[in-house]
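A.B. asks: Got a structure for you, written out below as structure tokens; questions coming shortly.
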Amino acid sequence: MQRVWRTVTGFYHVCACGVGKQLIFEGDEDRWEFLELMRECCCEEGVTVIAWCLMGNHVHLVLTDYEDRMSAAMHRLLLTYARRFNKRTGRTGHLFQNRFDRRSLDTDWQVMEAIRSVHADPQEAGVSLIERYPWSSFAEHLCAYDGDAADVARGFSDPSCVLELFGSAEGFIAYSLSAPDGSEPALCDMKETEWEPRGALPTSWRSASGFRSMGLKLHRRRSAIPLLLD
């Protein structure tokens with residue numbers, strides 16, 4: 001019998017990886033398609049996306065699931081996207097490794113750490129500073145603090161949980177960009193990619209709180225809570 005890993009809070013950190021570190025996105029068109037599918041599949045199954053980040057060969061999500069429908073939503077999302085990706089690129093076989101990994105988030109601290117970890121992944125990988133990476137929900141959450149309802153509605157995450165947990169934009173920024181012990185992140189050499197902004201990403205998201213002028217430092221953090229295979 002399959003093991004079902006449930007959490008009393010309904011929050012989960014989910015990761016889906018390309019098989020053999022296979023790239024799962026070859027361009028922005030692929031990323032947009034994945035995000036639109038994610039919104040559709042999760043909405044239809046009653047699963048809420050709290051945070052997300054798309055990397056080259058994997059995706060990170062923080063989800064809420066109160067009706068035990070996350071597996072159905074993720075199965076449909078990954079299967080549909082893989083079929084479309086394979087058809088478009090002419091490849092065959094599995095695109096994703098296994099199904100997906102997940103871990104339960106049973107306290108507010110674990111939820112906050114998961115949100116920070118998801119947004120920090122590009123920086124920890126040496127790809128981009130957190131606030132400059134266009135393919136995560138970081139800017140969506142900042143936009144929610146600014147009270148721009150139109151921009152929030154165009155996003156792919158529900159920022160209400162983040163608003164409640166962190167209380168203010170300043171609190172969210174400080175927690176997101178600090179090391180786990182509250183100290184400043186350690187310096188590390190990183191050659192940052194010059195990312196083009198997402199086509200539909202409002203300019204106000206990219207310039208929220210004057211982020212483009214901030215000299216931020218790379219920090220490396222790994223969660224101590226293991227992911228569990230679904």
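Residues are named by chain letter and number: chains run A, B, ... in the order of the structure tokens, numbers start at 1 in each chain, and ligands are numbered from 1 in the order shown.
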For segment 5-21 of chain A, please output as a VMD selection string all residues within 8 Å (counting only C-alpha atoms; exclusion window: fewer than 2 positions along the same chain).
C.D. replies: chain A and resid 3 23 to 24 57 to 66 94 to 107 111 114 227 to 228 230
A.B. asks: Counting only C-alpha atoms, figure out which residue out of A:Phe34, A:Phe138, A:Phe166, A:Tyr175 gets nearest to Ala82 of chain A.
C.D. replies: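 The shortest atom-to-atom distance to Ala82 of chain A comes from A:Phe34.
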A.B. asks: With only C-alpha atoms as the atoms that count, which of A:Met38, A:Val118, A:Leu129, A:Met55 lies nearest to Phe25 of chain A?
C.D. replies: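 Nearest to Phe25 of chain A: A:Met55.
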A.B. asks: Would you mind listing what lies within 10 Å of Ser168 of chain A as a PyMOL selection string, with only C-alpha atoms counted and same-chain residues fewer than 4 positions away left out?
C.D. replies: chain A and resi 142+145-146+162-164+172-174
A.B. asks: For the residues in that selection, give me N, CA, C and O atoms as a short mmCIF file (atom, residue, chain, number, x, y, z; two decimals), in the first residue's frame.
C.D. replies:
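result.cif, freshly written:
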```cif
data_model
loop_
_atom_site.label_atom_id
_atom_site.label_comp_id
_atom_site.auth_asym_id
_atom_site.auth_seq_id
_atom_site.Cartn_x
_atom_site.Cartn_y
_atom_site.Cartn_z
N LEU A 142 5.89 40.42 -2.93
CA LEU A 142 6.14 41.83 -2.70
C LEU A 142 5.00 42.68 -3.22
O LEU A 142 4.59 43.67 -2.60
N TYR A 145 2.15 42.92 -0.83
CA TYR A 145 2.36 43.88 0.25
C TYR A 145 2.10 45.31 -0.23
O TYR A 145 1.68 46.17 0.54
N ASP A 146 2.36 45.57 -1.51
CA ASP A 146 2.11 46.90 -2.06
C ASP A 146 0.62 47.16 -2.26
O ASP A 146 0.22 48.29 -2.56
N VAL A 162 1.50 34.36 3.09
CA VAL A 162 2.76 35.08 3.28
C VAL A 162 2.51 36.39 4.02
O VAL A 162 3.26 36.77 4.91
N LEU A 163 1.42 37.08 3.65
CA LEU A 163 1.08 38.33 4.32
C LEU A 163 0.87 38.10 5.81
O LEU A 163 1.29 38.89 6.65
N GLU A 164 0.21 37.00 6.13
CA GLU A 164 -0.09 36.70 7.53
C GLU A 164 1.17 36.28 8.29
O GLU A 164 1.38 36.70 9.43
N PHE A 172 9.19 40.30 5.44
CA PHE A 172 9.36 39.29 4.40
C PHE A 172 10.73 39.40 3.74
O PHE A 172 11.42 38.41 3.54
N ILE A 173 11.14 40.63 3.40
CA ILE A 173 12.43 40.84 2.75
C ILE A 173 13.57 40.43 3.67
O ILE A 173 14.50 39.72 3.27
N ALA A 174 13.49 40.88 4.93
CA ALA A 174 14.58 40.58 5.87
C ALA A 174 14.73 39.08 6.07
O ALA A 174 15.84 38.55 6.09
#
```
A.B. asks: Please provide the set of residues having any atom within 9 Å of Pro122 of chain A, restricted to only C-alpha atoms, with same-chain residues fewer than 3 positions apart removed, written as a PyMOL selection string.
C.D. replies: chain A and resi 53-55+118-119+125-130+133
A.B. asks: May I ask which of the residues A:Ala139, A:Leu165, A:Arg39, A:Leu177 is the closest one to Gln110 of chain A, counting only C-alpha atoms?
C.D. replies: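 With only C-alpha atoms as the atom set, the closest residue is A:Leu165.
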A.B. asks: Between A:Asp30, A:Val49, A:Arg88, A:Glu40, which is the closest to Arg76 of chain A once you count only C-alpha atoms?
C.D. replies: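 So, comparing all the options, the nearest one is A:Glu40.
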